[in-house]
>>> print(open('my_file-v7.cif').read())   # mmCIF, C-alpha atoms
data_start
loop_
_atom_site.label_atom_id
_atom_site.label_comp_id
_atom_site.auth_asym_id
_atom_site.auth_seq_id
_atom_site.Cartn_x
_atom_site.Cartn_y
_atom_site.Cartn_z
CA MET A 1 38.99 4.44 34.46
CA GLU A 2 36.78 2.00 32.55
CA ALA A 3 33.17 3.12 32.12
CA ASN A 4 30.38 1.07 33.63
CA PRO A 5 28.57 -0.64 30.69
CA ARG A 6 25.20 -0.16 32.39
CA SER A 7 25.74 3.57 32.81
CA THR A 8 26.82 4.02 29.18
CA GLY A 9 24.02 1.91 27.80
CA ARG A 10 26.51 -0.43 26.09
CA LEU A 11 26.55 -4.21 26.44
CA PRO A 12 29.58 -5.76 28.18
CA ALA A 13 31.98 -7.57 25.83
CA ALA A 14 30.91 -10.93 27.33
CA PHE A 15 27.39 -10.40 25.97
CA LEU A 16 28.75 -10.19 22.44
CA THR A 17 30.95 -13.30 22.68
CA PRO A 18 29.43 -16.61 21.53
CA GLY A 19 29.31 -19.15 24.34
CA SER A 20 26.90 -21.61 25.84
CA SER A 21 23.65 -22.33 24.01
CA SER A 22 21.90 -21.98 27.38
CA PHE A 23 20.80 -18.43 28.09
CA MET A 24 20.18 -19.45 31.73
CA ASP A 25 23.83 -20.48 32.17
CA PHE A 26 24.96 -17.29 30.48
CA LEU A 27 22.80 -15.18 32.78
CA ALA A 28 23.98 -17.11 35.84
CA ASP A 29 27.60 -16.30 34.94
CA HIS A 30 27.18 -12.60 34.16
CA SER A 31 24.05 -11.33 35.94
CA PRO A 32 22.84 -13.94 38.44
CA ASP A 33 20.76 -11.34 40.25
CA LEU A 34 18.36 -11.32 37.29
CA LEU A 35 17.36 -14.97 37.78
CA PRO A 36 14.04 -15.40 39.62
CA GLY A 37 15.46 -17.87 42.13
CA HIS A 38 18.30 -15.51 43.15
CA ARG A 39 16.10 -12.74 44.49
CA LYS A 40 16.31 -11.77 48.15
CA LEU A 41 13.03 -11.85 50.01
CA PRO A 42 11.98 -9.53 52.82
CA GLU A 43 11.87 -11.15 56.23
CA GLY A 44 8.55 -12.38 57.56
CA ILE A 45 5.56 -13.85 55.77
CA VAL A 46 5.39 -13.03 52.07
CA GLU A 47 1.89 -12.79 50.57
CA ALA A 48 1.74 -12.99 46.79
CA PRO A 49 -0.97 -13.77 44.23
CA HIS A 50 -1.14 -17.44 43.28
CA GLY A 51 -2.38 -18.96 40.06
CA THR A 52 -4.51 -22.04 40.44
CA THR A 53 -5.65 -24.73 37.99
CA ILE A 54 -4.09 -25.86 34.70
CA VAL A 55 -5.29 -28.88 32.69
CA ALA A 56 -4.13 -30.69 29.55
CA ALA A 57 -5.31 -33.56 27.38
CA THR A 58 -3.94 -35.29 24.30
CA PHE A 59 -5.90 -36.35 21.24
CA PRO A 60 -4.85 -37.98 17.96
CA GLY A 61 -3.10 -35.12 16.21
CA GLY A 62 -2.14 -32.91 19.13
CA VAL A 63 -2.62 -31.72 22.69
CA VAL A 64 -4.84 -29.16 24.45
CA LEU A 65 -3.58 -26.99 27.33
CA ALA A 66 -6.00 -24.76 29.26
CA GLY A 67 -6.26 -22.75 32.46
CA ASP A 68 -8.78 -20.84 34.52
CA ARG A 69 -8.39 -17.07 35.03
CA ARG A 70 -8.40 -16.60 38.83
CA ALA A 71 -5.45 -15.61 41.03
CA THR A 72 -5.84 -15.67 44.81
CA MET A 73 -3.96 -14.18 47.74
CA GLY A 74 -4.91 -16.03 50.88
CA ASN A 75 -8.69 -16.11 51.00
CA MET A 76 -9.01 -13.12 48.69
CA ILE A 77 -9.38 -12.99 44.91
CA ALA A 78 -6.32 -11.05 43.74
CA GLN A 79 -7.23 -11.01 40.04
CA ARG A 80 -10.13 -12.39 38.02
CA ASP A 81 -8.63 -12.38 34.53
CA ILE A 82 -5.01 -13.46 34.89
CA GLU A 83 -3.48 -15.31 31.95
CA LYS A 84 -1.81 -18.60 32.88
CA VAL A 85 -1.18 -20.33 29.55
CA PHE A 86 1.57 -19.08 27.23
CA PRO A 87 3.30 -20.31 24.08
CA ALA A 88 6.85 -21.48 24.84
CA ASP A 89 7.68 -21.55 21.14
CA GLU A 90 5.92 -22.48 17.91
CA TYR A 91 5.23 -26.08 18.95
CA SER A 92 4.90 -26.00 22.73
CA ALA A 93 3.15 -24.19 25.56
CA VAL A 94 3.39 -23.86 29.31
CA GLY A 95 0.65 -23.32 31.89
CA ILE A 96 1.54 -21.83 35.26
CA ALA A 97 0.35 -22.68 38.75
CA GLY A 98 1.84 -21.30 41.94
CA THR A 99 3.25 -17.86 42.69
CA ALA A 100 1.97 -15.78 39.78
CA GLY A 101 4.71 -13.15 39.52
CA LEU A 102 7.59 -15.63 39.64
CA ALA A 103 5.74 -18.00 37.30
CA VAL A 104 5.22 -15.36 34.60
CA GLU A 105 8.85 -14.29 34.92
CA MET A 106 9.96 -17.92 34.60
CA VAL A 107 7.85 -18.38 31.46
CA LYS A 108 9.41 -15.31 29.82
CA LEU A 109 12.87 -16.59 30.69
CA PHE A 110 11.95 -20.03 29.31
CA GLN A 111 10.77 -18.47 26.04
CA LEU A 112 14.06 -16.58 25.78
CA GLU A 113 16.01 -19.73 26.62
CA LEU A 114 14.45 -21.64 23.72
CA GLU A 115 14.89 -18.72 21.32
CA HIS A 116 18.52 -18.27 22.37
CA PHE A 117 19.27 -21.98 21.82
CA GLU A 118 17.73 -21.89 18.35
CA LYS A 119 19.76 -18.83 17.33
CA VAL A 120 23.05 -20.18 18.67
CA GLU A 121 22.68 -23.78 17.49
CA GLY A 122 20.70 -23.12 14.31
CA ALA A 123 18.19 -25.83 15.29
CA THR A 124 15.30 -26.20 17.71
CA LEU A 125 15.44 -28.33 20.83
CA SER A 126 13.47 -31.57 20.85
CA LEU A 127 10.33 -31.54 22.97
CA GLU A 128 12.14 -33.73 25.48
CA GLY A 129 14.99 -31.22 25.57
CA LYS A 130 12.58 -28.34 26.18
CA ALA A 131 10.98 -30.27 29.05
CA ASN A 132 14.43 -30.85 30.58
CA ARG A 133 15.34 -27.16 30.30
CA LEU A 134 12.16 -26.19 32.14
CA SER A 135 12.98 -28.76 34.82
CA THR A 136 16.35 -27.08 35.40
CA MET A 137 14.69 -23.68 35.74
CA ILE A 138 12.21 -24.97 38.32
CA ARG A 139 15.05 -26.58 40.29
CA GLY A 140 16.80 -23.21 40.34
CA ASN A 141 13.75 -21.76 42.11
CA LEU A 142 13.89 -24.32 44.94
CA GLY A 143 15.07 -21.74 47.49
CA MET A 144 12.01 -19.60 46.77
CA ALA A 145 9.75 -22.67 46.83
CA MET A 146 10.99 -23.58 50.32
CA GLN A 147 9.85 -20.13 51.43
CA GLY A 148 6.37 -20.65 50.02
CA LEU A 149 6.87 -19.12 46.57
CA ALA A 150 6.64 -22.27 44.48
CA VAL A 151 6.10 -22.47 40.72
CA VAL A 152 4.64 -25.74 39.39
CA PRO A 153 3.91 -25.54 35.65
CA LEU A 154 2.42 -27.96 33.15
CA PHE A 155 4.27 -28.24 29.83
CA ALA A 156 2.77 -29.59 26.62
CA GLY A 157 3.67 -29.66 22.97
CA TRP A 158 3.82 -31.43 19.63
CA ASP A 159 6.68 -33.92 19.34
CA GLU A 160 7.79 -33.72 15.70
CA GLY A 161 9.88 -36.89 16.01
CA LYS A 162 7.15 -39.05 17.53
CA GLU A 163 4.38 -37.18 15.71
CA LYS A 164 2.09 -36.82 18.71
CA GLY A 165 1.16 -34.46 21.51
CA ARG A 166 2.89 -34.95 24.86
CA ILE A 167 2.38 -33.59 28.39
CA PHE A 168 4.96 -33.10 31.16
CA SER A 169 4.26 -32.29 34.82
CA TYR A 170 6.71 -31.12 37.50
CA ASP A 171 7.16 -30.94 41.25
CA VAL A 172 8.75 -28.04 43.16
CA THR A 173 12.21 -29.65 43.02
CA GLY A 174 12.15 -29.78 39.21
CA GLY A 175 11.28 -33.46 39.08
CA ARG A 176 9.73 -34.17 35.68
CA SER A 177 7.13 -36.77 34.77
CA GLU A 178 5.49 -37.48 31.43
CA GLU A 179 1.72 -37.75 31.71
CA HIS A 180 -0.28 -39.96 29.39
CA GLY A 181 -3.71 -38.90 28.17
CA PHE A 182 -4.43 -36.04 30.54
CA ALA A 183 -2.97 -34.10 33.46
CA ALA A 184 -3.72 -31.26 35.86
CA THR A 185 -1.81 -29.11 38.33
CA GLY A 186 -2.72 -26.42 40.84
CA SER A 187 -5.15 -26.22 43.75
CA GLY A 188 -8.12 -27.56 41.79
CA SER A 189 -6.13 -30.32 40.08
CA ILE A 190 -7.55 -33.17 42.14
CA PHE A 191 -11.08 -32.31 41.01
CA ALA A 192 -10.09 -31.59 37.41
CA ARG A 193 -8.16 -34.86 37.19
CA GLY A 194 -11.12 -36.80 38.55
CA SER A 195 -13.37 -35.18 35.97
CA MET A 196 -11.05 -36.02 33.08
CA LYS A 197 -10.48 -39.56 34.37
CA LYS A 198 -14.15 -40.37 33.78
CA LEU A 199 -14.56 -38.53 30.48
CA TYR A 200 -11.26 -39.00 28.67
CA ARG A 201 -10.95 -41.32 25.67
CA ALA A 202 -7.92 -41.91 23.47
CA ASP A 203 -9.92 -41.24 20.29
CA LEU A 204 -11.18 -37.75 21.15
CA THR A 205 -11.46 -35.21 18.36
CA GLU A 206 -9.92 -31.76 18.79
CA ASP A 207 -13.34 -30.26 19.55
CA GLN A 208 -14.07 -32.97 22.11
CA ALA A 209 -10.68 -32.46 23.76
CA THR A 210 -11.28 -28.71 24.15
CA THR A 211 -14.71 -29.44 25.61
CA LEU A 212 -13.15 -31.97 27.99
CA VAL A 213 -10.69 -29.47 29.49
CA VAL A 214 -13.39 -26.83 29.95
CA GLN A 215 -15.60 -29.43 31.68
CA ALA A 216 -12.66 -30.28 33.94
CA LEU A 217 -12.04 -26.62 34.81
CA TYR A 218 -15.75 -26.21 35.55
CA ASP A 219 -15.62 -29.19 37.95
CA ALA A 220 -12.47 -27.78 39.59
CA ALA A 221 -14.18 -24.41 40.12
CA ASP A 222 -17.24 -26.19 41.51
CA ASP A 223 -15.22 -27.68 44.40
CA ASP A 224 -12.17 -25.44 44.75
CA SER A 225 -12.73 -21.81 45.75
CA ALA A 226 -9.34 -20.77 44.33
CA THR A 227 -10.31 -21.86 40.79
CA GLY A 228 -12.48 -19.49 38.77
CA GLY A 229 -15.27 -20.78 36.57
CA PRO A 230 -16.59 -19.05 33.43
CA ASP A 231 -17.69 -15.51 34.35
CA MET A 232 -20.53 -14.69 31.96
CA ALA A 233 -21.25 -11.26 33.42
CA ARG A 234 -17.65 -10.02 33.01
CA ARG A 235 -17.01 -12.12 29.87
CA ILE A 236 -14.02 -13.87 31.44
CA PHE A 237 -13.53 -17.36 30.04
CA PRO A 238 -10.83 -20.04 30.36
CA ILE A 239 -7.80 -19.75 28.11
CA VAL A 240 -7.72 -22.78 25.82
CA THR A 241 -4.81 -23.54 23.50
CA VAL A 242 -4.23 -26.30 20.95
CA ILE A 243 -0.83 -27.51 19.72
CA THR A 244 -0.66 -29.69 16.59
CA GLU A 245 1.79 -30.32 13.77
CA GLU A 246 0.67 -26.94 12.42
CA GLY A 247 1.87 -25.23 15.60
CA PHE A 248 0.45 -23.39 18.60
CA ARG A 249 -3.02 -21.88 18.41
CA ARG A 250 -5.03 -20.09 21.08
CA LEU A 251 -8.79 -20.23 20.79
CA THR A 252 -10.22 -16.81 20.02
CA GLU A 253 -12.42 -15.07 22.56
CA ALA A 254 -15.45 -15.91 20.43
CA GLU A 255 -14.49 -19.60 20.35
CA SER A 256 -13.73 -19.85 24.06
CA SER A 257 -16.87 -17.93 25.04
CA GLU A 258 -19.06 -20.17 22.87
CA LEU A 259 -17.44 -23.26 24.38
CA ALA A 260 -17.88 -21.98 27.93
CA ARG A 261 -21.48 -20.99 27.27
CA SER A 262 -22.38 -24.40 25.86
CA VAL A 263 -20.85 -26.16 28.88
CA THR A 264 -22.59 -23.78 31.31
CA GLU A 265 -25.97 -24.21 29.60
CA ARG A 266 -25.70 -28.00 29.82
CA ARG A 267 -24.84 -27.66 33.50
CA LEU A 268 -28.20 -26.00 34.07
CA GLU A 269 -29.71 -29.38 33.20
CA GLN A 270 -26.95 -31.51 34.73
CA PRO A 271 -25.23 -29.54 37.52
CA ASP A 272 -22.71 -32.32 38.17
CA GLY A 273 -21.75 -32.63 34.51
CA PRO A 274 -21.84 -35.42 31.93
CA ARG A 275 -22.34 -38.97 33.14
CA ALA A 276 -19.76 -41.63 32.31
CA ALA A 277 -20.93 -45.16 31.49
CA LEU A 278 -20.71 -47.69 34.33
CA LEU A 279 -19.32 -50.38 32.04
#
>>> encode(input="my_file-v7.cif", output="structure tokens")
Amino acid sequence: MEANPRSTGRLPAAFLTPGSSSFMDFLADHSPDLLPGHRKLPEGIVEAPHGTTIVAATFPGGVVLAGDRRATMGNMIAQRDIEKVFPADEYSAVGIAGTAGLAVEMVKLFQLELEHFEKVEGATLSLEGKANRLSTMIRGNLGMAMQGLAVVPLFAGWDEGKEKGRIFSYDVTGGRSEEHGFAATGSGSIFARGSMKKLYRADLTEDQATTLVVQALYDAADDDSATGGPDMARRIFPIVTVITEEGFRRLTEAESSELARSVTERRLEQPDGPRAALL
């Protein structure tokens, strides 16, 4: 009688045989139950923490991706310091909005997908290819999304071929759109997008772009109860990341706290934020 590989701690032979460069396809063939979209849900209403607002903006030389820290469950705050922005690989990042648990699991699977492709093919995917892979993963979660457990990320990175930062947004069906200049997703996205629409310029410096996204998150928190603003008392600040030709970099806590403090102090003088010129 052949021993069960899981009980012996050994990998099945299929796991050691080279095959598709897609780890998702490999997992779907051999252990489909491990895919987020293949989980069975309990009957009835499912309450789960949801991540809220993610914003991004390009500047000459790269792209900034940032997110607030609040997760909600209905009208309750489920977590005040959740992390919603993660590196996908050295030159790209993904910010999550939607069902927090599924979103984090999808990000980890996406990271593994990109790493697996690079090891099998000996080359990295293009930024466009990475965006397409993420689209496929979101589409695979459609069944969960139809039951209220949607994941709607924002993907950004440095395109080595075009030598510029790019942003991609998605809908729950996996539909992908490239955004130009700036983008936002999540419950506070309408307010964040309006804020960036008035403040964004194509010639922003990196420092100005990071300030822009924090201003946008502040405006989102001002009008959307599910988005968390800078919490000075608990020292909880937005996660801000920058991707350039040098790779992914997350602002340190000292940098993000200083940025949040400067924005908050200016808001004491101008509660509605910076004024854009009429003409």
>>> closest_residue(input="my_file-v7.cif", among="A:Tyr218, A:Trp158, A:Phe117, A:Tyr170", to="A:Ile138", atoms="all atoms listed in the file")
A:Tyr170
>>> closest_residue(input="my_file-v7.cif", among="A:Thr72, A:Asn132, A:Ser126, A:Thr241", to="A:Ala100", atoms="all atoms listed in the file")
A:Thr72
>>> closest_residue(input="my_file-v7.cif", among="A:Asp272, A:Asp68, A:Glu253, A:Asp89", to="A:Ser187", atoms="only C-alpha atoms")
A:Asp68
>>> residues_near_point(input="my_file-v7.cif", point="(-10.5, -29.8, 23.0)", cutoff="12 Å", atoms="only C-alpha atoms", output="ChimeraX atom specification")
/A:55-66,182,196,200-201,203-216,239-244,249-251,255-256,259-260
>>> write_last_selection(input="my_file-v7.cif", atoms="C-alpha atoms", output="compact mmCIF listing (two decimals), in the coordinates of the input")
# COMPACT_ATOMS: atom_id res chain seq x y z
CA VAL A 55 -5.29 -28.88 32.69
CA ALA A 56 -4.13 -30.69 29.55
CA ALA A 57 -5.31 -33.56 27.38
CA THR A 58 -3.94 -35.29 24.30
CA PHE A 59 -5.90 -36.35 21.24
CA PRO A 60 -4.85 -37.98 17.96
CA GLY A 61 -3.10 -35.12 16.21
CA GLY A 62 -2.14 -32.91 19.13
CA VAL A 63 -2.62 -31.72 22.69
CA VAL A 64 -4.84 -29.16 24.45
CA LEU A 65 -3.58 -26.99 27.33
CA ALA A 66 -6.00 -24.76 29.26
CA PHE A 182 -4.43 -36.04 30.54
CA MET A 196 -11.05 -36.02 33.08
CA TYR A 200 -11.26 -39.00 28.67
CA ARG A 201 -10.95 -41.32 25.67
CA ASP A 203 -9.92 -41.24 20.29
CA LEU A 204 -11.18 -37.75 21.15
CA THR A 205 -11.46 -35.21 18.36
CA GLU A 206 -9.92 -31.76 18.79
CA ASP A 207 -13.34 -30.26 19.55
CA GLN A 208 -14.07 -32.97 22.11
CA ALA A 209 -10.68 -32.46 23.76
CA THR A 210 -11.28 -28.71 24.15
CA THR A 211 -14.71 -29.44 25.61
CA LEU A 212 -13.15 -31.97 27.99
CA VAL A 213 -10.69 -29.47 29.49
CA VAL A 214 -13.39 -26.83 29.95
CA GLN A 215 -15.60 -29.43 31.68
CA ALA A 216 -12.66 -30.28 33.94
CA ILE A 239 -7.80 -19.75 28.11
CA VAL A 240 -7.72 -22.78 25.82
CA THR A 241 -4.81 -23.54 23.50
CA VAL A 242 -4.23 -26.30 20.95
CA ILE A 243 -0.83 -27.51 19.72
CA THR A 244 -0.66 -29.69 16.59
CA ARG A 249 -3.02 -21.88 18.41
CA ARG A 250 -5.03 -20.09 21.08
CA LEU A 251 -8.79 -20.23 20.79
CA GLU A 255 -14.49 -19.60 20.35
CA SER A 256 -13.73 -19.85 24.06
CA LEU A 259 -17.44 -23.26 24.38
CA ALA A 260 -17.88 -21.98 27.93
>>> atom_distance(input="my_file-v7.cif", atom1="atom CA of A:Arg234", atom2="atom CA of A:Ile77")
14.8 Å
>>> resolve_selection(input="my_file-v7.cif", expression="the PyMOL selection byres ((chain A and resi 137) around 9)", output="compact mmCIF listing (two decimals) with C-alpha atoms, in the coordinates of the input")
# COMPACT_ATOMS: atom_id res chain seq x y z
CA MET A 24 20.18 -19.45 31.73
CA GLY A 37 15.46 -17.87 42.13
CA MET A 106 9.96 -17.92 34.60
CA LEU A 109 12.87 -16.59 30.69
CA PHE A 110 11.95 -20.03 29.31
CA ASN A 132 14.43 -30.85 30.58
CA ARG A 133 15.34 -27.16 30.30
CA LEU A 134 12.16 -26.19 32.14
CA SER A 135 12.98 -28.76 34.82
CA THR A 136 16.35 -27.08 35.40
CA ILE A 138 12.21 -24.97 38.32
CA ARG A 139 15.05 -26.58 40.29
CA GLY A 140 16.80 -23.21 40.34
CA ASN A 141 13.75 -21.76 42.11
CA GLY A 174 12.15 -29.78 39.21
>>> atom_distance(input="my_file-v7.cif", atom1="atom CA of A:Glu113", atom2="atom CA of A:Gly129")
11.6 Å
>>> residues_around(input="my_file-v7.cif", residues="A:Pro153", least_positions_apart="6", cutoff="12 Å", atoms="all atoms listed in the file", output="PyMOL selection string")
chain A and resi 51-56+65-67+84-86+88+93-100+102-104+106-107+110+131+134-135+137-138+167-177+183-186+189
>>> closest_residue(input="my_file-v7.cif", among="A:Arg193, A:Gly228, A:Arg166, A:Glu258", to="A:Gln79", atoms="only C-alpha atoms")
A:Gly228
>>> closest_residue(input="my_file-v7.cif", among="A:Pro274, A:Gly247, A:Pro87, A:Gly188", to="A:Gly229", atoms="all atoms listed in the file")
A:Gly188
>>> closest_residue(input="my_file-v7.cif", among="A:Ser92, A:Gln270, A:Thr227, A:Ser195", to="A:Gln111", atoms="all atoms listed in the file")
A:Ser92
>>> atom_distance(input="my_file-v7.cif", atom1="atom CA of A:Arg80", atom2="atom CA of A:Ile236")
7.8 Å
>>> residues_around(input="my_file-v7.cif", residues="A:Asp81", least_positions_apart="4", cutoff="8 Å", atoms="all atoms listed in the file", output="MDAnalysis selection string")
chainID A and resid 69:71 236
>>> residues_around(input="my_file-v7.cif", residues="A:Leu279", least_positions_apart="3", cutoff="12 Å", atoms="all atoms listed in the file", output="compact mmCIF listing (two decimals) with C-alpha atoms, in the coordinates of the input")
# COMPACT_ATOMS: atom_id res chain seq x y z
CA LYS A 198 -14.15 -40.37 33.78
CA ARG A 275 -22.34 -38.97 33.14
CA ALA A 276 -19.76 -41.63 32.31
>>> axis_aligned_box(input="my_file-v7.cif", around="stretch 173-191 of chain A", padding_each_side="5 Å", output="lines of an AutoDock Vina configuration file")
center_x = 0.6
center_y = -33.1
center_z = 36.0
size_x = 33.3
size_y = 23.7
size_z = 25.6
>>> decode(input="my_file-v7.cif", residues="stretch 239-250 of chain A", atoms="N, CA, C and O atoms", output="PDB file, in the first residue's frame")
ATOM      1  N   ILE A 239       0.905  53.471   5.418  1.00  0.00           N
ATOM      2  CA  ILE A 239       2.049  52.797   4.804  1.00  0.00           C
ATOM      3  C   ILE A 239       2.272  53.423   3.432  1.00  0.00           C
ATOM      4  O   ILE A 239       1.353  53.466   2.606  1.00  0.00           O
ATOM      5  N   VAL A 240       3.468  53.935   3.209  1.00  0.00           N
ATOM      6  CA  VAL A 240       3.795  54.584   1.943  1.00  0.00           C
ATOM      7  C   VAL A 240       5.001  53.871   1.335  1.00  0.00           C
ATOM      8  O   VAL A 240       6.025  53.690   2.001  1.00  0.00           O
ATOM      9  N   THR A 241       4.864  53.458   0.075  1.00  0.00           N
ATOM     10  CA  THR A 241       5.954  52.776  -0.608  1.00  0.00           C
ATOM     11  C   THR A 241       6.283  53.494  -1.911  1.00  0.00           C
ATOM     12  O   THR A 241       5.407  54.124  -2.523  1.00  0.00           O
ATOM     13  N   VAL A 242       7.525  53.392  -2.316  1.00  0.00           N
ATOM     14  CA  VAL A 242       8.000  54.019  -3.556  1.00  0.00           C
ATOM     15  C   VAL A 242       8.706  52.958  -4.386  1.00  0.00           C
ATOM     16  O   VAL A 242       9.518  52.193  -3.866  1.00  0.00           O
ATOM     17  N   ILE A 243       8.358  52.885  -5.688  1.00  0.00           N
ATOM     18  CA  ILE A 243       9.015  51.950  -6.592  1.00  0.00           C
ATOM     19  C   ILE A 243       9.666  52.744  -7.719  1.00  0.00           C
ATOM     20  O   ILE A 243       8.983  53.495  -8.424  1.00  0.00           O
ATOM     21  N   THR A 244      10.976  52.604  -7.877  1.00  0.00           N
ATOM     22  CA  THR A 244      11.730  53.287  -8.922  1.00  0.00           C
ATOM     23  C   THR A 244      12.613  52.268  -9.632  1.00  0.00           C
ATOM     24  O   THR A 244      12.519  51.067  -9.368  1.00  0.00           O
ATOM     25  N   GLU A 245      13.490  52.741 -10.505  1.00  0.00           N
ATOM     26  CA  GLU A 245      14.412  51.835 -11.181  1.00  0.00           C
ATOM     27  C   GLU A 245      15.366  51.165 -10.208  1.00  0.00           C
ATOM     28  O   GLU A 245      16.000  50.158 -10.536  1.00  0.00           O
ATOM     29  N   GLU A 246      15.466  51.696  -8.999  1.00  0.00           N
ATOM     30  CA  GLU A 246      16.307  51.084  -7.970  1.00  0.00           C
ATOM     31  C   GLU A 246      15.559  50.009  -7.188  1.00  0.00           C
ATOM     32  O   GLU A 246      16.151  49.321  -6.356  1.00  0.00           O
ATOM     33  N   GLY A 247      14.247  49.882  -7.425  1.00  0.00           N
ATOM     34  CA  GLY A 247      13.464  48.848  -6.770  1.00  0.00           C
ATOM     35  C   GLY A 247      12.435  49.386  -5.788  1.00  0.00           C
ATOM     36  O   GLY A 247      12.173  50.587  -5.716  1.00  0.00           O
ATOM     37  N   PHE A 248      11.865  48.454  -5.026  1.00  0.00           N
ATOM     38  CA  PHE A 248      10.818  48.763  -4.048  1.00  0.00           C
ATOM     39  C   PHE A 248      11.437  49.293  -2.756  1.00  0.00           C
ATOM     40  O   PHE A 248      12.437  48.767  -2.279  1.00  0.00           O
ATOM     41  N   ARG A 249      10.820  50.345  -2.217  1.00  0.00           N
ATOM     42  CA  ARG A 249      11.256  50.870  -0.929  1.00  0.00           C
ATOM     43  C   ARG A 249      10.044  51.323  -0.126  1.00  0.00           C
ATOM     44  O   ARG A 249       9.188  52.030  -0.642  1.00  0.00           O
ATOM     45  N   ARG A 250       9.992  50.878   1.115  1.00  0.00           N
ATOM     46  CA  ARG A 250       8.927  51.328   2.014  1.00  0.00           C
ATOM     47  C   ARG A 250       9.477  52.414   2.919  1.00  0.00           C
ATOM     48  O   ARG A 250      10.573  52.274   3.481  1.00  0.00           O
TER      49      ARG A 250
END
